[in-house]
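Asks: Quick one, input-v2.txt (compact mmCIF, N, CA and C atoms):
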# COMPACT_ATOMS: atom_id res chain seq x y z
N MET A 19 13.76 6.18 -1.45
CA MET A 19 13.03 4.95 -1.22
C MET A 19 13.98 3.88 -0.69
N ALA A 20 13.39 2.90 -0.11
CA ALA A 20 14.18 1.83 0.48
C ALA A 20 14.68 0.87 -0.60
N VAL A 21 15.59 0.03 -0.21
CA VAL A 21 16.21 -0.90 -1.14
C VAL A 21 15.21 -1.94 -1.63
N TYR A 22 14.26 -2.34 -0.78
CA TYR A 22 13.32 -3.38 -1.15
C TYR A 22 12.36 -2.93 -2.25
N LEU A 23 12.25 -1.65 -2.50
CA LEU A 23 11.28 -1.14 -3.46
C LEU A 23 12.02 -0.54 -4.66
N THR A 24 12.17 -1.34 -5.70
CA THR A 24 12.87 -0.89 -6.89
C THR A 24 11.90 -0.16 -7.81
N LYS A 25 12.47 0.52 -8.78
CA LYS A 25 11.66 1.25 -9.75
C LYS A 25 10.77 0.30 -10.53
N GLU A 26 11.30 -0.86 -10.87
CA GLU A 26 10.54 -1.85 -11.63
C GLU A 26 9.36 -2.38 -10.82
N LYS A 27 9.58 -2.59 -9.52
CA LYS A 27 8.50 -3.08 -8.66
C LYS A 27 7.39 -2.04 -8.54
N LYS A 28 7.77 -0.77 -8.41
CA LYS A 28 6.77 0.29 -8.34
C LYS A 28 5.95 0.35 -9.62
N GLU A 29 6.64 0.28 -10.77
CA GLU A 29 5.94 0.32 -12.05
C GLU A 29 5.01 -0.87 -12.19
N GLU A 30 5.45 -2.03 -11.71
CA GLU A 30 4.61 -3.23 -11.77
C GLU A 30 3.35 -3.06 -10.94
N LEU A 31 3.50 -2.51 -9.72
CA LEU A 31 2.34 -2.28 -8.86
C LEU A 31 1.37 -1.28 -9.48
N PHE A 32 1.91 -0.19 -10.03
CA PHE A 32 1.03 0.82 -10.61
C PHE A 32 0.37 0.32 -11.89
N LYS A 33 1.06 -0.54 -12.62
CA LYS A 33 0.45 -1.09 -13.84
C LYS A 33 -0.69 -2.04 -13.48
N GLU A 34 -0.49 -2.84 -12.44
CA GLU A 34 -1.51 -3.81 -12.05
C GLU A 34 -2.73 -3.15 -11.42
N TYR A 35 -2.51 -2.16 -10.54
CA TYR A 35 -3.61 -1.58 -9.79
C TYR A 35 -4.02 -0.19 -10.27
N GLY A 36 -3.08 0.58 -10.84
CA GLY A 36 -3.40 1.95 -11.22
C GLY A 36 -3.79 2.12 -12.67
N GLY A 37 -3.66 1.08 -13.46
CA GLY A 37 -4.04 1.18 -14.86
C GLY A 37 -2.88 1.34 -15.80
N SER A 38 -1.89 2.13 -15.41
CA SER A 38 -0.73 2.39 -16.26
C SER A 38 0.51 2.49 -15.38
N GLU A 39 1.68 2.28 -15.98
CA GLU A 39 2.93 2.35 -15.22
C GLU A 39 3.19 3.76 -14.71
N LYS A 40 2.77 4.74 -15.47
CA LYS A 40 3.06 6.14 -15.11
C LYS A 40 1.96 6.77 -14.26
N ASN A 41 0.88 6.05 -14.00
CA ASN A 41 -0.24 6.60 -13.23
C ASN A 41 0.00 6.39 -11.74
N SER A 42 0.96 7.10 -11.21
CA SER A 42 1.30 6.93 -9.80
C SER A 42 0.38 7.71 -8.88
N GLY A 43 -0.51 8.50 -9.42
CA GLY A 43 -1.42 9.30 -8.60
C GLY A 43 -2.74 8.64 -8.35
N SER A 44 -2.99 7.48 -8.96
CA SER A 44 -4.28 6.83 -8.76
C SER A 44 -4.40 6.32 -7.33
N THR A 45 -5.60 6.41 -6.80
CA THR A 45 -5.83 5.99 -5.43
C THR A 45 -5.55 4.51 -5.25
N GLU A 46 -5.99 3.70 -6.22
CA GLU A 46 -5.80 2.26 -6.12
C GLU A 46 -4.31 1.90 -6.14
N GLY A 47 -3.55 2.59 -6.98
CA GLY A 47 -2.11 2.34 -7.06
C GLY A 47 -1.39 2.71 -5.78
N GLN A 48 -1.79 3.84 -5.20
CA GLN A 48 -1.16 4.26 -3.95
C GLN A 48 -1.48 3.30 -2.81
N ILE A 49 -2.72 2.82 -2.76
CA ILE A 49 -3.10 1.86 -1.72
C ILE A 49 -2.31 0.57 -1.88
N ALA A 50 -2.13 0.12 -3.12
CA ALA A 50 -1.35 -1.09 -3.38
C ALA A 50 0.11 -0.90 -2.97
N LEU A 51 0.65 0.28 -3.26
CA LEU A 51 2.03 0.58 -2.89
C LEU A 51 2.19 0.58 -1.37
N PHE A 52 1.26 1.23 -0.67
CA PHE A 52 1.31 1.25 0.79
C PHE A 52 1.18 -0.16 1.36
N THR A 53 0.33 -0.99 0.76
CA THR A 53 0.15 -2.35 1.24
C THR A 53 1.44 -3.15 1.08
N TYR A 54 2.11 -2.98 -0.05
CA TYR A 54 3.38 -3.67 -0.27
C TYR A 54 4.43 -3.22 0.75
N ARG A 55 4.51 -1.91 0.99
CA ARG A 55 5.49 -1.40 1.95
C ARG A 55 5.16 -1.85 3.37
N ILE A 56 3.86 -1.90 3.71
CA ILE A 56 3.45 -2.34 5.05
C ILE A 56 3.84 -3.79 5.27
N SER A 57 3.64 -4.64 4.27
CA SER A 57 3.98 -6.05 4.44
C SER A 57 5.48 -6.24 4.60
N SER A 58 6.28 -5.49 3.84
CA SER A 58 7.73 -5.65 3.97
C SER A 58 8.24 -5.09 5.31
N LEU A 59 7.65 -3.98 5.77
CA LEU A 59 8.04 -3.45 7.08
C LEU A 59 7.62 -4.39 8.20
N SER A 60 6.49 -5.05 8.05
CA SER A 60 6.05 -6.01 9.06
C SER A 60 7.01 -7.18 9.16
N GLN A 61 7.48 -7.66 8.03
CA GLN A 61 8.47 -8.74 8.04
C GLN A 61 9.76 -8.29 8.71
N HIS A 62 10.17 -7.05 8.44
CA HIS A 62 11.38 -6.51 9.05
C HIS A 62 11.23 -6.43 10.56
N LEU A 63 10.04 -6.00 11.01
CA LEU A 63 9.84 -5.84 12.45
C LEU A 63 9.73 -7.18 13.18
N GLN A 64 9.40 -8.24 12.49
CA GLN A 64 9.36 -9.54 13.15
C GLN A 64 10.76 -10.00 13.56
N THR A 65 11.77 -9.60 12.79
CA THR A 65 13.14 -9.97 13.16
C THR A 65 13.83 -8.89 13.98
N ASN A 66 13.43 -7.64 13.81
CA ASN A 66 14.06 -6.52 14.53
C ASN A 66 13.00 -5.84 15.39
N LYS A 67 12.71 -6.43 16.52
CA LYS A 67 11.61 -5.96 17.35
C LYS A 67 11.84 -4.58 17.98
N LYS A 68 13.07 -4.18 18.14
CA LYS A 68 13.35 -2.91 18.81
C LYS A 68 13.60 -1.75 17.85
N ASP A 69 13.28 -1.91 16.61
CA ASP A 69 13.45 -0.86 15.61
C ASP A 69 12.25 0.08 15.68
N HIS A 70 12.33 1.07 16.56
CA HIS A 70 11.19 1.94 16.84
C HIS A 70 10.89 2.91 15.71
N SER A 71 11.91 3.36 15.00
CA SER A 71 11.64 4.27 13.88
C SER A 71 10.90 3.54 12.75
N CYS A 72 11.22 2.29 12.57
CA CYS A 72 10.51 1.49 11.57
C CYS A 72 9.06 1.26 12.00
N LYS A 73 8.85 1.06 13.29
CA LYS A 73 7.50 0.87 13.80
C LYS A 73 6.66 2.13 13.60
N ARG A 74 7.28 3.28 13.81
CA ARG A 74 6.58 4.55 13.62
C ARG A 74 6.22 4.74 12.15
N THR A 75 7.15 4.40 11.26
CA THR A 75 6.88 4.48 9.83
C THR A 75 5.74 3.55 9.44
N LEU A 76 5.73 2.36 10.01
CA LEU A 76 4.67 1.40 9.72
C LEU A 76 3.31 1.95 10.13
N LEU A 77 3.23 2.52 11.32
CA LEU A 77 1.96 3.07 11.78
C LEU A 77 1.51 4.26 10.93
N THR A 78 2.46 5.06 10.47
CA THR A 78 2.14 6.17 9.58
C THR A 78 1.56 5.66 8.27
N LEU A 79 2.18 4.63 7.70
CA LEU A 79 1.69 4.06 6.45
C LEU A 79 0.31 3.44 6.60
N VAL A 80 0.07 2.79 7.72
CA VAL A 80 -1.24 2.20 7.97
C VAL A 80 -2.31 3.29 8.02
N GLY A 81 -1.99 4.41 8.66
CA GLY A 81 -2.93 5.53 8.73
C GLY A 81 -3.20 6.14 7.37
N LYS A 82 -2.16 6.31 6.57
CA LYS A 82 -2.34 6.86 5.23
C LYS A 82 -3.20 5.94 4.37
N ARG A 83 -2.92 4.63 4.46
CA ARG A 83 -3.71 3.67 3.68
C ARG A 83 -5.16 3.68 4.11
N LYS A 84 -5.39 3.81 5.41
CA LYS A 84 -6.76 3.84 5.92
C LYS A 84 -7.51 5.07 5.40
N ARG A 85 -6.84 6.21 5.38
CA ARG A 85 -7.49 7.42 4.86
C ARG A 85 -7.81 7.30 3.38
N LEU A 86 -6.88 6.73 2.61
CA LEU A 86 -7.13 6.54 1.18
C LEU A 86 -8.26 5.54 0.95
N LEU A 87 -8.32 4.49 1.76
CA LEU A 87 -9.41 3.53 1.63
C LEU A 87 -10.76 4.16 1.95
N MET A 88 -10.81 5.01 2.97
CA MET A 88 -12.07 5.70 3.29
C MET A 88 -12.48 6.63 2.15
N TYR A 89 -11.52 7.32 1.56
CA TYR A 89 -11.79 8.19 0.43
C TYR A 89 -12.34 7.40 -0.75
N LEU A 90 -11.73 6.27 -1.04
CA LEU A 90 -12.16 5.44 -2.17
C LEU A 90 -13.55 4.85 -1.90
N ALA A 91 -13.84 4.50 -0.65
CA ALA A 91 -15.15 3.95 -0.31
C ALA A 91 -16.24 5.00 -0.52
N LYS A 92 -15.94 6.25 -0.19
CA LYS A 92 -16.92 7.33 -0.41
C LYS A 92 -17.08 7.64 -1.89
N LYS A 93 -15.99 7.60 -2.62
CA LYS A 93 -16.00 7.99 -4.03
C LYS A 93 -16.62 6.92 -4.92
N ASP A 94 -16.18 5.67 -4.77
CA ASP A 94 -16.65 4.59 -5.64
C ASP A 94 -16.59 3.28 -4.87
N ILE A 95 -17.76 2.85 -4.36
CA ILE A 95 -17.80 1.67 -3.49
C ILE A 95 -17.46 0.39 -4.24
N THR A 96 -17.76 0.31 -5.53
CA THR A 96 -17.46 -0.92 -6.27
C THR A 96 -15.95 -1.10 -6.46
N LYS A 97 -15.24 -0.01 -6.77
CA LYS A 97 -13.78 -0.08 -6.88
C LYS A 97 -13.16 -0.43 -5.53
N TYR A 98 -13.72 0.13 -4.46
CA TYR A 98 -13.24 -0.15 -3.12
C TYR A 98 -13.35 -1.63 -2.79
N ARG A 99 -14.53 -2.21 -3.06
CA ARG A 99 -14.74 -3.62 -2.76
C ARG A 99 -13.85 -4.51 -3.61
N ALA A 100 -13.68 -4.15 -4.87
CA ALA A 100 -12.81 -4.95 -5.75
C ALA A 100 -11.36 -4.88 -5.28
N LEU A 101 -10.92 -3.70 -4.84
CA LEU A 101 -9.53 -3.54 -4.41
C LEU A 101 -9.23 -4.29 -3.13
N ILE A 102 -10.12 -4.21 -2.14
CA ILE A 102 -9.83 -4.93 -0.90
C ILE A 102 -9.91 -6.43 -1.11
N GLU A 103 -10.73 -6.88 -2.06
CA GLU A 103 -10.77 -8.30 -2.39
C GLU A 103 -9.46 -8.73 -3.05
N LYS A 104 -8.97 -7.89 -3.98
CA LYS A 104 -7.75 -8.21 -4.73
C LYS A 104 -6.51 -8.20 -3.81
N LEU A 105 -6.47 -7.24 -2.90
CA LEU A 105 -5.32 -7.14 -1.99
C LEU A 105 -5.45 -8.05 -0.78
N GLY A 106 -6.66 -8.52 -0.50
CA GLY A 106 -6.88 -9.40 0.65
C GLY A 106 -6.77 -8.67 1.97
N LEU A 107 -7.36 -7.48 2.04
CA LEU A 107 -7.22 -6.67 3.25
C LEU A 107 -8.25 -7.02 4.33
N ARG A 108 -9.47 -7.31 3.93
CA ARG A 108 -10.52 -7.57 4.91
C ARG A 108 -11.02 -8.99 4.75
N LYS A 109 -11.81 -9.42 5.74
CA LYS A 109 -12.35 -10.78 5.71
C LYS A 109 -13.56 -10.87 4.81
Give the structure from this file in structure tokens form.
Replies:
Amino acid sequence: MAVYLTKEKKEELFKEYGGSEKNSGSTEGQIALFTYRISSLSQHLQTNKKDHSCKRTLLTLVGKRKRLLMYLAKKDITKYRALIEKLGLRK
């Protein structure tokens, strides 16, 4: 993992969104983790515009998050709506 993502930060994200610190497999926790990584990579790319490997990683994470969001929307629409409201993903 990258330097910006410490073990404590991961546990904090999973505790807030996944229910428990050790529940790293929950869909909501994974989406929150991807969202945090996407925001930090976006900040990095604003200063380092020619970092193409970082841009590729960012696009990969966006695709993974999109697939997980579609899965969550099919599985439980109320959790999906609550999560996107909490993370501020959509308008």
Asks: Would you mind reading off the distance between atom N of A:Leu31 and atom CA of A:Ser58, one decimal, in Å?
Replies: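 For atom N of A:Leu31 relative to atom CA of A:Ser58, the distance reads 14.7 Å.
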Asks: Go through A:Cys72, A:Leu51, A:Leu79, A:Ala91 one by one, measure the shortest atom-to-atom distance of each to A:Leu105 using only C-alpha atoms, and give the residue with the smallest value.
Replies: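 When distances to A:Leu105 are compared using only C-alpha atoms, the smallest one comes from A:Leu51.
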Asks: Just how far from atom C of A:Gly47 is atom C of A:Phe32, in Å to one decimal?
Replies: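 Pair atom C of A:Phe32 / atom C of A:Gly47 returns 6.8 Å.
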Asks: Atom N of A:Lys73 to atom C of A:Ser60: how many Å, to one decimal?
Replies: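 Value for the atom N of A:Lys73-atom C of A:Ser60 distance: 9.4 Å.
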Asks: Do you know which residues are at most 12 Å from A:Arg108 counting only C-alpha atoms, after dropping those on the same chain fewer than 5 positions away, and could you put them as a ChimeraX atom specification?
Replies: /A:87,98-103
Asks: Residues at most 8 Å from A:Glu39, counting all atoms listed in the file, excluding those fewer than 5 positions away in the same chain, as a list in words?
Replies: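 Everything that qualifies: Lys28, Glu29, Glu30, Leu31, Phe32, Lys33 and Glu34 of chain A.
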Asks: Looking at A:Thr65, A:Gly37, A:Glu46, A:Thr75, which one is nearest to A:Leu90, with distances taken over only N, CA and C atoms?
Replies: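 Using only N, CA and C atoms, the shortest distance to A:Leu90 belongs to A:Glu46.
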Asks: DSSP on the backbone: what in stretch 30-76 of chain A comes out alpha helix (DSSP H), as a VMD selection string?
Replies: chain A and resid 30 to 36 45 to 65 70 to 76
